[in-house]
Amino acid sequence: MRLSQLSINSVRNLTEVNLACGPGCNIIFGENAAGKTAILEAIHILSRTSSFRTHRITEVIQHNQETLSISAEVCINNRDIRILTGLEKGRSQTRIRYNGERITRRSEQARNLPLLTVTPDSHRLLFGSPKDRRHWLDWSLFHVEPGYIQAWQDYHQALRQRNILLRKAAPPEELTPWENAMATAAEPLLASRRAYLQQLQQALDPFLAADFNQLAIDYTGPELSAERYQDKLQQHRKTDSLLGHTQYGPHRDDVVFYLEESKNAAAILSRGQAKKLIIALTLAQAVKYQEHREQPPILLLDDLTAELDDQSRAVIHGQIQGQAMQVFITTTHPETLAHAPGQTAMAMFHVERGQVTKVVE
Ligand SMILES: Nc1ncnc2c1ncn2[C@@H]1O[C@H](COP(=O)(O)OP(=O)(O)OP(=O)(O)O)[C@@H](O)[C@H]1O
Ligand SMILES: [Mg+2]
């Protein structure tokens with residue numbers, strides 16, 4: 001999966017931009033505030049209908065404009081299948097088209113254009129809250145396991161209903177069917193989460209630098225069958241009712257990254273090390289995605305070179321180029337991303353005050 005053409009209109013300072021994207025590494029460079037991240041933001045909006053920087057689309061739409069629009073030509077499986085997709089978004093309305101069809105479900109478009117994104121905010125995967133890590137894990141599974149989203153929705157719908165009933169101090173017989181539904185959905189959800197993290201840990205090996213030669217990924221939730229989980233919910237009805245919400249379950253679990261001798265990575269890693277670990281995890285996710293879906297996702301790396309020393313930049317850039325996937329990298333220091341000979345072609349774009357010029361094919 002890759003983009004061959006990208007058109008962006010009225011996204012931040014990008015009034016009208018047309019890019020002929022390269023099939024491998026696309027390096028987008030320029031001074032601060034030039035509009036580099038806005039290009040990645042546009043690709044993200046085309047896939048997910050939302051920005052990775054803000055939930056308020058009015059912040060992204062160019063000042064004095066009512067709508068933004070983004071369109072792309074997508075090549076599937078590197079074969080000669082070319083599909084057009086486009087999105088138009090205003091304050092209250094979003095219109096998406098993919099291959100001539102109107103798309104009404106956001107998840108469908110996210111599946112059409114699978115993305116993995118690393119931004120300065122990705123540090124939240126290590127230093128943020130359990131909610132950030134669950135969000136990351138849920139998105140990973142959404143991309144690779146078709147049934148996951150249904151189990152996730154079933155679980156959360158039943159959880160909401162149980163919480164409403166708990167707050168109303170409803171009698172036990174009203175709670176039972178929702179607890180049953182939660183337990184039924186939780187079992188495959190938890191099994192998928194555990195299995196995916198195990199697979200990810202294996203896929204990580206080639207991307208881990210010497211600093212992380214013993215990384216373990218731990219899922220904190222207990223391993224419970226549907227019956228045991230339902231028993232647990234019943235046992236906690238009283239305390240849950242006092243608290244007004246459900247204390248146990250996949251909606252409260254966490255993922256912990258341990259380094260050698262069981263040290264919690266979040267407690268000891270430097271910013272640069274954390275960034276390297278997050279990029280390694282993302283490349284491992286891309287490998288898993290490709291195994292499941294038989295084509296690579298598109299990778300967006302915002303401000304790749306920040307916080308990394310020269311050697312780390314070179315190692316990571318080599319790893320990225322070694323993957324047969326399309327990558328969009330923004331940087332203020334393109335000279336530190338050397339082109340590894342014999343590897344994927346590199347396209348370079350210079351951005352200056354919202355204008356983009358292709359400088360290398
Ligand atoms: N809604 C908007 N309308 C017009 N311009 C905007 C809007 N929102 C932000 N901008 C401007 O668009 C530019 C976008 O900057 P962007 O974040 O893409 O820069 P960048 O090249 O990634 O810079 P850095 O290297 O600092 O990360 C900035 O100059 C910003 O002031
Ligand atoms: Mg930026």
# chains A, B, ... in the order shown; residues from 1 in each chain; ligands from 1
>>> residues_near_ligand(ligand="ligand 1", cutoff="9 Å", atoms="only C-alpha atoms and all ligand atoms", output="PyMOL selection string")
chain A and resi 10-15+28-41+57-65+302-303+330-332+351-354
>>> write_last_selection(atoms="N, CA and C atoms", output="CSV table (one decimal), in the first residue's frame")
chain,number,residue,atom,x,y,z
A,10,SER,N,-5.9,23.7,1.9
A,10,SER,CA,-6.4,24.4,3.1
A,10,SER,C,-6.1,23.6,4.4
A,11,VAL,N,-5.0,23.0,4.5
A,11,VAL,CA,-4.6,22.3,5.7
A,11,VAL,C,-3.5,23.2,6.4
A,12,ARG,N,-3.8,23.9,7.5
A,12,ARG,CA,-2.9,24.8,8.1
A,12,ARG,C,-2.3,25.8,7.1
A,13,ASN,N,-1.0,25.9,6.9
A,13,ASN,CA,-0.4,26.9,6.0
A,13,ASN,C,-0.3,26.3,4.6
A,14,LEU,N,-0.8,25.1,4.4
A,14,LEU,CA,-0.7,24.5,3.0
A,14,LEU,C,-2.0,24.8,2.2
A,15,THR,N,-1.8,25.9,1.4
A,15,THR,CA,-3.0,26.3,0.6
A,15,THR,C,-3.4,25.3,-0.5
A,28,ILE,N,10.8,14.9,4.0
A,28,ILE,CA,10.2,16.3,3.9
A,28,ILE,C,11.0,17.2,4.9
A,29,PHE,N,11.7,18.1,4.3
A,29,PHE,CA,12.6,18.9,5.2
A,29,PHE,C,12.3,20.4,5.0
A,30,GLY,N,12.8,21.2,5.9
A,30,GLY,CA,12.6,22.6,5.9
A,30,GLY,C,12.7,23.2,7.3
A,31,GLU,N,12.6,24.5,7.3
A,31,GLU,CA,12.8,25.2,8.6
A,31,GLU,C,11.6,25.0,9.5
A,32,ASN,N,11.7,25.4,10.8
A,32,ASN,CA,10.6,25.4,11.7
A,32,ASN,C,9.4,26.1,11.1
A,33,ALA,N,8.2,25.6,11.4
A,33,ALA,CA,7.0,26.3,11.0
A,33,ALA,C,6.8,26.4,9.4
A,34,ALA,N,7.5,25.6,8.7
A,34,ALA,CA,7.4,25.6,7.2
A,34,ALA,C,6.1,24.9,6.7
A,35,GLY,N,5.7,23.9,7.5
A,35,GLY,CA,4.5,23.2,7.1
A,35,GLY,C,4.8,21.7,6.9
A,36,LYS,N,5.9,21.2,7.4
A,36,LYS,CA,6.3,19.8,7.3
A,36,LYS,C,5.3,18.8,8.0
A,37,THR,N,5.1,19.1,9.2
A,37,THR,CA,4.2,18.3,10.0
A,37,THR,C,2.7,18.3,9.4
A,38,ALA,N,2.4,19.5,8.9
A,38,ALA,CA,1.0,19.7,8.3
A,38,ALA,C,0.8,18.7,7.2
A,39,ILE,N,1.9,18.3,6.4
A,39,ILE,CA,1.8,17.3,5.4
A,39,ILE,C,1.4,15.9,6.0
A,40,LEU,N,2.1,15.6,7.0
A,40,LEU,CA,1.8,14.3,7.7
A,40,LEU,C,0.4,14.3,8.3
A,41,GLU,N,0.1,15.4,8.8
A,41,GLU,CA,-1.3,15.6,9.4
A,41,GLU,C,-2.3,15.4,8.4
A,57,ILE,N,-11.0,20.2,14.5
A,57,ILE,CA,-10.6,20.3,13.1
A,57,ILE,C,-10.5,21.8,12.7
A,58,THR,N,-11.2,22.7,13.4
A,58,THR,CA,-11.1,24.1,13.1
A,58,THR,C,-9.7,24.7,13.2
A,59,GLU,N,-8.9,24.0,14.1
A,59,GLU,CA,-7.5,24.5,14.2
A,59,GLU,C,-6.7,24.1,13.0
A,60,VAL,N,-7.1,23.0,12.3
A,60,VAL,CA,-6.3,22.5,11.2
A,60,VAL,C,-6.8,23.2,9.9
A,61,ILE,N,-8.0,23.5,9.8
A,61,ILE,CA,-8.5,24.1,8.5
A,61,ILE,C,-7.9,25.5,8.4
A,62,GLN,N,-7.4,25.8,7.3
A,62,GLN,CA,-6.7,27.1,7.1
A,62,GLN,C,-7.5,28.3,7.5
A,63,HIS,N,-6.9,29.2,8.1
A,63,HIS,CA,-7.6,30.4,8.6
A,63,HIS,C,-8.4,31.0,7.4
A,64,ASN,N,-9.6,31.5,7.7
A,64,ASN,CA,-10.5,32.1,6.6
A,64,ASN,C,-11.1,31.1,5.6
A,65,GLN,N,-10.9,29.8,5.9
A,65,GLN,CA,-11.5,28.8,5.0
A,65,GLN,C,-12.6,28.0,5.8
A,302,ASP,N,7.2,11.9,12.3
A,302,ASP,CA,7.4,13.3,12.4
A,302,ASP,C,8.6,13.7,13.2
A,303,ASP,N,9.4,14.6,12.7
A,303,ASP,CA,10.6,15.0,13.4
A,303,ASP,C,11.5,13.9,13.8
A,330,THR,N,9.6,13.7,8.4
A,330,THR,CA,9.9,15.1,8.4
A,330,THR,C,11.1,15.4,9.3
A,331,THR,N,11.9,16.4,8.9
A,331,THR,CA,13.1,16.7,9.6
A,331,THR,C,13.6,18.1,9.3
A,332,THR,N,14.3,18.7,10.2
A,332,THR,CA,14.9,20.0,10.0
A,332,THR,C,16.4,19.7,9.5
A,351,VAL,N,10.2,22.1,2.0
A,351,VAL,CA,9.0,22.9,2.4
A,351,VAL,C,9.4,24.3,2.9
A,352,GLU,N,8.8,25.3,2.3
A,352,GLU,CA,9.1,26.7,2.7
A,352,GLU,C,7.8,27.5,2.7
A,353,ARG,N,7.4,28.0,3.8
A,353,ARG,CA,6.2,28.7,4.0
A,353,ARG,C,5.0,28.1,3.2
A,354,GLY,N,4.8,26.9,3.4
A,354,GLY,CA,3.6,26.2,2.9
A,354,GLY,C,3.8,25.8,1.4
>>> residues_around(residues="A:Ala186", least_positions_apart="2", cutoff="8 Å", atoms="only C-alpha atoms", output="list in words")
Ala151, Trp152, Tyr155, Met182, Ala183, Thr184, Pro188, Leu189, Leu190, Ala226, Gly249 and Pro250 of chain A
>>> closest_residue(among="A:Asp240, A:Glu101, A:Asp138, A:Asp121", to="ligand 2", atoms="only C-alpha atoms and all ligand atoms")
A:Asp121
>>> select_by_dssp(residues="stretch 172-326 of chain A", states="helix (DSSP H, G or I)", output="tab-separated table (two decimals) with N, CA and C atoms, in the first residue's frame")
chain	number	residue	atom	x	y	z
A	172	PRO	N	-29.47	-6.89	41.22
A	172	PRO	CA	-28.50	-7.77	40.56
A	172	PRO	C	-29.00	-8.36	39.25
A	173	GLU	N	-30.31	-8.72	39.19
A	173	GLU	CA	-30.78	-9.38	37.96
A	173	GLU	C	-30.67	-8.47	36.73
A	174	GLU	N	-30.64	-7.16	36.98
A	174	GLU	CA	-30.47	-6.25	35.83
A	174	GLU	C	-29.01	-6.19	35.37
A	175	LEU	N	-28.11	-6.43	36.34
A	175	LEU	CA	-26.68	-6.39	35.99
A	175	LEU	C	-26.23	-7.64	35.24
A	176	THR	N	-26.85	-8.78	35.60
A	176	THR	CA	-26.36	-10.07	35.09
A	176	THR	C	-26.20	-10.11	33.56
A	177	PRO	N	-27.23	-9.73	32.77
A	177	PRO	CA	-27.04	-9.87	31.31
A	177	PRO	C	-25.87	-9.03	30.77
A	178	TRP	N	-25.65	-7.85	31.38
A	178	TRP	CA	-24.54	-7.01	30.89
A	178	TRP	C	-23.20	-7.57	31.32
A	179	GLU	N	-23.18	-8.16	32.52
A	179	GLU	CA	-21.93	-8.80	32.97
A	179	GLU	C	-21.61	-10.00	32.08
A	180	ASN	N	-22.67	-10.69	31.72
A	180	ASN	CA	-22.49	-11.83	30.83
A	180	ASN	C	-21.91	-11.36	29.48
A	181	ALA	N	-22.49	-10.29	28.96
A	181	ALA	CA	-22.03	-9.76	27.66
A	181	ALA	C	-20.58	-9.27	27.77
A	182	MET	N	-20.24	-8.61	28.90
A	182	MET	CA	-18.86	-8.14	29.09
A	182	MET	C	-17.89	-9.31	29.10
A	183	ALA	N	-18.25	-10.35	29.86
A	183	ALA	CA	-17.36	-11.50	30.01
A	183	ALA	C	-17.19	-12.21	28.67
A	184	THR	N	-18.28	-12.33	27.91
A	184	THR	CA	-18.21	-13.02	26.62
A	184	THR	C	-17.29	-12.26	25.66
A	185	ALA	N	-17.40	-10.95	25.65
A	185	ALA	CA	-16.56	-10.15	24.74
A	185	ALA	C	-15.13	-10.06	25.25
A	186	ALA	N	-14.96	-10.04	26.58
A	186	ALA	CA	-13.61	-9.85	27.15
A	186	ALA	C	-12.69	-11.02	26.83
A	187	GLU	N	-13.25	-12.22	26.78
A	187	GLU	CA	-12.39	-13.39	26.60
A	187	GLU	C	-11.59	-13.31	25.29
A	188	PRO	N	-12.24	-13.15	24.11
A	188	PRO	CA	-11.43	-13.05	22.88
A	188	PRO	C	-10.59	-11.78	22.82
A	189	LEU	N	-11.11	-10.71	23.42
A	189	LEU	CA	-10.37	-9.45	23.43
A	189	LEU	C	-9.02	-9.61	24.15
A	190	LEU	N	-9.09	-10.24	25.32
A	190	LEU	CA	-7.87	-10.43	26.10
A	190	LEU	C	-6.92	-11.41	25.41
A	191	ALA	N	-7.50	-12.46	24.83
A	191	ALA	CA	-6.66	-13.45	24.14
A	191	ALA	C	-5.93	-12.77	22.98
A	192	SER	N	-6.64	-11.92	22.24
A	192	SER	CA	-6.01	-11.22	21.11
A	192	SER	C	-4.91	-10.30	21.59
A	193	ARG	N	-5.17	-9.57	22.66
A	193	ARG	CA	-4.16	-8.63	23.16
A	193	ARG	C	-2.89	-9.36	23.57
A	194	ARG	N	-3.06	-10.43	24.33
A	194	ARG	CA	-1.88	-11.18	24.79
A	194	ARG	C	-1.11	-11.77	23.63
A	195	ALA	N	-1.83	-12.39	22.70
A	195	ALA	CA	-1.16	-13.05	21.56
A	195	ALA	C	-0.41	-12.01	20.73
A	196	TYR	N	-1.05	-10.86	20.52
A	196	TYR	CA	-0.41	-9.84	19.68
A	196	TYR	C	0.88	-9.33	20.34
A	197	LEU	N	0.82	-9.09	21.63
A	197	LEU	CA	2.02	-8.57	22.31
A	197	LEU	C	3.16	-9.59	22.26
A	198	GLN	N	2.80	-10.86	22.35
A	198	GLN	CA	3.84	-11.90	22.26
A	198	GLN	C	4.48	-11.90	20.88
A	199	GLN	N	3.62	-11.80	19.86
A	199	GLN	CA	4.15	-11.78	18.48
A	199	GLN	C	5.01	-10.54	18.26
A	200	LEU	N	4.57	-9.43	18.82
A	200	LEU	CA	5.29	-8.17	18.65
A	200	LEU	C	6.68	-8.28	19.28
A	201	GLN	N	6.72	-8.90	20.44
A	201	GLN	CA	8.00	-9.05	21.13
A	201	GLN	C	8.99	-9.82	20.25
A	202	GLN	N	8.50	-10.85	19.58
A	202	GLN	CA	9.39	-11.61	18.69
A	202	GLN	C	9.82	-10.78	17.49
A	203	ALA	N	8.86	-10.04	16.93
A	203	ALA	CA	9.17	-9.24	15.72
A	203	ALA	C	10.13	-8.09	16.03
A	204	LEU	N	10.23	-7.75	17.31
A	204	LEU	CA	11.05	-6.60	17.72
A	204	LEU	C	12.55	-6.85	17.61
A	205	ASP	N	12.94	-8.12	17.79
A	205	ASP	CA	14.37	-8.44	17.90
A	205	ASP	C	15.27	-7.74	16.87
A	206	PRO	N	14.92	-7.83	15.56
A	206	PRO	CA	15.85	-7.22	14.60
A	206	PRO	C	15.98	-5.71	14.73
A	207	PHE	N	15.03	-5.08	15.41
A	207	PHE	CA	15.06	-3.61	15.47
A	207	PHE	C	15.62	-3.07	16.77
A	210	ALA	N	21.60	-2.46	20.79
A	210	ALA	CA	22.20	-3.16	21.92
A	210	ALA	C	21.62	-2.69	23.25
A	211	ASP	N	21.17	-1.43	23.31
A	211	ASP	CA	20.65	-0.92	24.60
A	211	ASP	C	19.43	-1.68	25.10
A	212	PHE	N	18.73	-2.34	24.21
A	212	PHE	CA	17.53	-3.05	24.69
A	212	PHE	C	17.60	-4.53	24.34
A	226	ALA	N	-14.14	-16.55	30.52
A	226	ALA	CA	-15.37	-15.75	30.59
A	226	ALA	C	-16.11	-16.02	31.91
A	227	GLU	N	-16.14	-17.30	32.34
A	227	GLU	CA	-16.88	-17.64	33.58
A	227	GLU	C	-16.23	-16.97	34.79
A	228	ARG	N	-14.90	-17.09	34.86
A	228	ARG	CA	-14.18	-16.51	36.01
A	228	ARG	C	-14.33	-14.99	36.03
A	229	TYR	N	-14.31	-14.40	34.84
A	229	TYR	CA	-14.44	-12.94	34.79
A	229	TYR	C	-15.83	-12.52	35.24
A	230	GLN	N	-16.83	-13.30	34.82
A	230	GLN	CA	-18.19	-12.97	35.24
A	230	GLN	C	-18.33	-13.10	36.77
A	231	ASP	N	-17.71	-14.17	37.33
A	231	ASP	CA	-17.73	-14.34	38.80
A	231	ASP	C	-17.11	-13.11	39.46
A	232	LYS	N	-16.00	-12.67	38.92
A	232	LYS	CA	-15.28	-11.54	39.50
A	232	LYS	C	-16.15	-10.27	39.48
A	233	LEU	N	-16.83	-10.08	38.37
A	233	LEU	CA	-17.72	-8.91	38.28
A	233	LEU	C	-18.81	-8.99	39.35
A	234	GLN	N	-19.35	-10.18	39.51
A	234	GLN	CA	-20.41	-10.35	40.52
A	234	GLN	C	-19.89	-10.06	41.92
A	235	GLN	N	-18.67	-10.58	42.19
A	235	GLN	CA	-18.09	-10.37	43.53
A	235	GLN	C	-17.86	-8.89	43.82
A	237	ARG	N	-19.65	-6.32	42.75
A	237	ARG	CA	-20.81	-5.44	42.53
A	237	ARG	C	-20.93	-4.35	43.59
A	238	LYS	N	-20.72	-4.75	44.84
A	238	LYS	CA	-20.92	-3.77	45.93
A	238	LYS	C	-19.94	-2.62	45.83
A	239	THR	N	-18.65	-2.96	45.72
A	239	THR	CA	-17.64	-1.88	45.67
A	239	THR	C	-17.76	-1.08	44.37
A	240	ASP	N	-18.05	-1.78	43.28
A	240	ASP	CA	-18.22	-1.07	42.00
A	240	ASP	C	-19.39	-0.09	42.11
A	241	SER	N	-20.43	-0.53	42.79
A	241	SER	CA	-21.62	0.33	42.93
A	241	SER	C	-21.28	1.57	43.76
A	242	LEU	N	-20.48	1.37	44.81
A	242	LEU	CA	-20.07	2.52	45.64
A	242	LEU	C	-19.22	3.50	44.82
A	243	LEU	N	-18.34	2.93	44.00
A	243	LEU	CA	-17.47	3.79	43.17
A	243	LEU	C	-18.20	4.37	41.97
A	260	GLU	N	16.13	-5.47	30.90
A	260	GLU	CA	16.79	-6.54	31.65
A	260	GLU	C	16.67	-6.30	33.16
A	261	GLU	N	16.64	-7.39	33.87
A	261	GLU	CA	16.48	-7.39	35.32
A	261	GLU	C	15.18	-6.71	35.73
A	262	SER	N	14.17	-6.85	34.91
A	262	SER	CA	12.81	-6.40	35.23
A	262	SER	C	12.71	-4.93	35.59
A	265	ALA	N	10.83	0.11	31.78
A	265	ALA	CA	11.52	0.97	30.81
A	265	ALA	C	11.16	2.44	31.04
A	266	ALA	N	9.90	2.70	31.36
A	266	ALA	CA	9.46	4.09	31.51
A	266	ALA	C	10.21	4.80	32.63
A	267	ALA	N	10.68	4.02	33.61
A	267	ALA	CA	11.34	4.64	34.77
A	267	ALA	C	12.80	4.96	34.50
A	268	ILE	N	13.41	4.31	33.51
A	268	ILE	CA	14.86	4.49	33.37
A	268	ILE	C	15.35	5.03	32.03
A	271	ARG	N	15.23	10.21	26.92
A	271	ARG	CA	14.30	10.56	25.84
A	271	ARG	C	14.70	9.91	24.51
A	272	GLY	N	16.01	9.95	24.22
A	272	GLY	CA	16.49	9.37	22.95
A	272	GLY	C	16.28	7.86	22.92
A	273	GLN	N	16.56	7.20	24.05
A	273	GLN	CA	16.36	5.75	24.12
A	273	GLN	C	14.88	5.42	23.95
A	274	ALA	N	14.04	6.23	24.59
A	274	ALA	CA	12.59	6.00	24.49
A	274	ALA	C	12.15	6.12	23.04
A	275	LYS	N	12.70	7.11	22.35
A	275	LYS	CA	12.33	7.30	20.96
A	275	LYS	C	12.76	6.10	20.11
A	276	LYS	N	13.97	5.60	20.40
A	276	LYS	CA	14.46	4.44	19.65
A	276	LYS	C	13.55	3.23	19.90
A	277	LEU	N	13.15	3.07	21.14
A	277	LEU	CA	12.28	1.93	21.47
A	277	LEU	C	10.92	2.07	20.76
A	278	ILE	N	10.39	3.27	20.74
A	278	ILE	CA	9.08	3.48	20.11
A	278	ILE	C	9.17	3.24	18.60
A	279	ILE	N	10.28	3.67	18.00
A	279	ILE	CA	10.43	3.43	16.55
A	279	ILE	C	10.59	1.93	16.29
A	280	ALA	N	11.36	1.25	17.15
A	280	ALA	CA	11.52	-0.21	16.99
A	280	ALA	C	10.16	-0.91	17.10
A	281	LEU	N	9.35	-0.49	18.08
A	281	LEU	CA	8.02	-1.08	18.24
A	281	LEU	C	7.17	-0.84	16.99
A	282	THR	N	7.29	0.36	16.43
A	282	THR	CA	6.48	0.70	15.26
A	282	THR	C	6.91	-0.12	14.05
A	283	LEU	N	8.22	-0.32	13.89
A	283	LEU	CA	8.68	-1.14	12.76
A	283	LEU	C	8.23	-2.59	12.96
A	284	ALA	N	8.25	-3.06	14.19
A	284	ALA	CA	7.77	-4.42	14.46
A	284	ALA	C	6.27	-4.52	14.16
A	285	GLN	N	5.53	-3.46	14.49
A	285	GLN	CA	4.09	-3.45	14.16
A	285	GLN	C	3.89	-3.53	12.64
A	286	ALA	N	4.75	-2.81	11.91
A	286	ALA	CA	4.63	-2.82	10.45
A	286	ALA	C	4.87	-4.23	9.91
A	287	VAL	N	5.85	-4.93	10.49
A	287	VAL	CA	6.14	-6.30	10.05
A	287	VAL	C	4.92	-7.20	10.33
A	288	LYS	N	4.34	-7.06	11.52
A	288	LYS	CA	3.16	-7.88	11.86
A	288	LYS	C	2.01	-7.55	10.93
A	289	TYR	N	1.85	-6.26	10.64
A	289	TYR	CA	0.76	-5.86	9.75
A	289	TYR	C	0.92	-6.54	8.38
A	290	GLN	N	2.16	-6.49	7.89
A	290	GLN	CA	2.42	-7.05	6.57
A	290	GLN	C	2.17	-8.56	6.54
A	291	GLU	N	2.50	-9.23	7.64
A	291	GLU	CA	2.25	-10.67	7.69
A	291	GLU	C	0.75	-10.97	7.66
A	292	HIS	N	-0.02	-10.16	8.36
A	292	HIS	CA	-1.46	-10.42	8.44
A	292	HIS	C	-2.20	-9.98	7.18
A	293	ARG	N	-1.76	-8.85	6.62
A	293	ARG	CA	-2.56	-8.24	5.55
A	293	ARG	C	-1.89	-8.30	4.18
A	310	ASP	N	23.85	10.97	15.95
A	310	ASP	CA	24.12	10.65	14.55
A	310	ASP	C	24.05	9.15	14.29
A	311	GLN	N	24.66	8.38	15.22
A	311	GLN	CA	24.69	6.94	14.97
A	311	GLN	C	23.29	6.34	15.00
A	312	SER	N	22.50	6.78	15.96
A	312	SER	CA	21.12	6.26	16.05
A	312	SER	C	20.31	6.64	14.82
A	313	ARG	N	20.51	7.86	14.33
A	313	ARG	CA	19.79	8.29	13.12
A	313	ARG	C	20.12	7.37	11.96
A	314	ALA	N	21.44	7.08	11.83
A	314	ALA	CA	21.87	6.25	10.69
A	314	ALA	C	21.30	4.84	10.83
A	315	VAL	N	21.36	4.29	12.05
A	315	VAL	CA	20.86	2.92	12.25
A	315	VAL	C	19.37	2.87	11.92
A	316	ILE	N	18.63	3.81	12.47
A	316	ILE	CA	17.18	3.80	12.26
A	316	ILE	C	16.83	4.03	10.80
A	317	HIS	N	17.55	4.95	10.18
A	317	HIS	CA	17.25	5.22	8.78
A	317	HIS	C	17.53	3.99	7.93
A	318	GLY	N	18.61	3.28	8.25
A	318	GLY	CA	18.93	2.03	7.53
A	318	GLY	C	17.81	1.00	7.73
A	319	GLN	N	17.32	0.88	8.98
A	319	GLN	CA	16.25	-0.09	9.26
A	319	GLN	C	14.99	0.26	8.47
A	320	ILE	N	14.69	1.56	8.41
A	320	ILE	CA	13.49	1.99	7.70
A	320	ILE	C	13.62	1.68	6.22
A	321	GLN	N	14.79	1.99	5.69
A	321	GLN	CA	14.99	1.75	4.25
A	321	GLN	C	15.00	0.26	3.92
A	322	GLY	N	15.35	-0.55	4.92
A	322	GLY	CA	15.35	-2.00	4.71
A	322	GLY	C	13.94	-2.58	4.62
>>> residues_around(residues="A:Phe349", least_positions_apart="2", cutoff="6 Å", atoms="only C-alpha atoms", output="list in words")
Ile28, Thr357, Lys358 and Val359 of chain A
>>> select_by_dssp(residues="stretch 152-279 of chain A", states="strand (DSSP E or B)", output="PyMOL selection string")
chain A and resi 216-219+255-259+263-264
>>> atom_distance(atom1="atom CA of A:Cys21", atom2="atom CA of A:Leu304")
18.3 Å
>>> closest_residue(among="A:Val256, A:Leu301, A:Ile329, A:Ile83", to="A:Asp132", atoms="only C-alpha atoms")
A:Val256
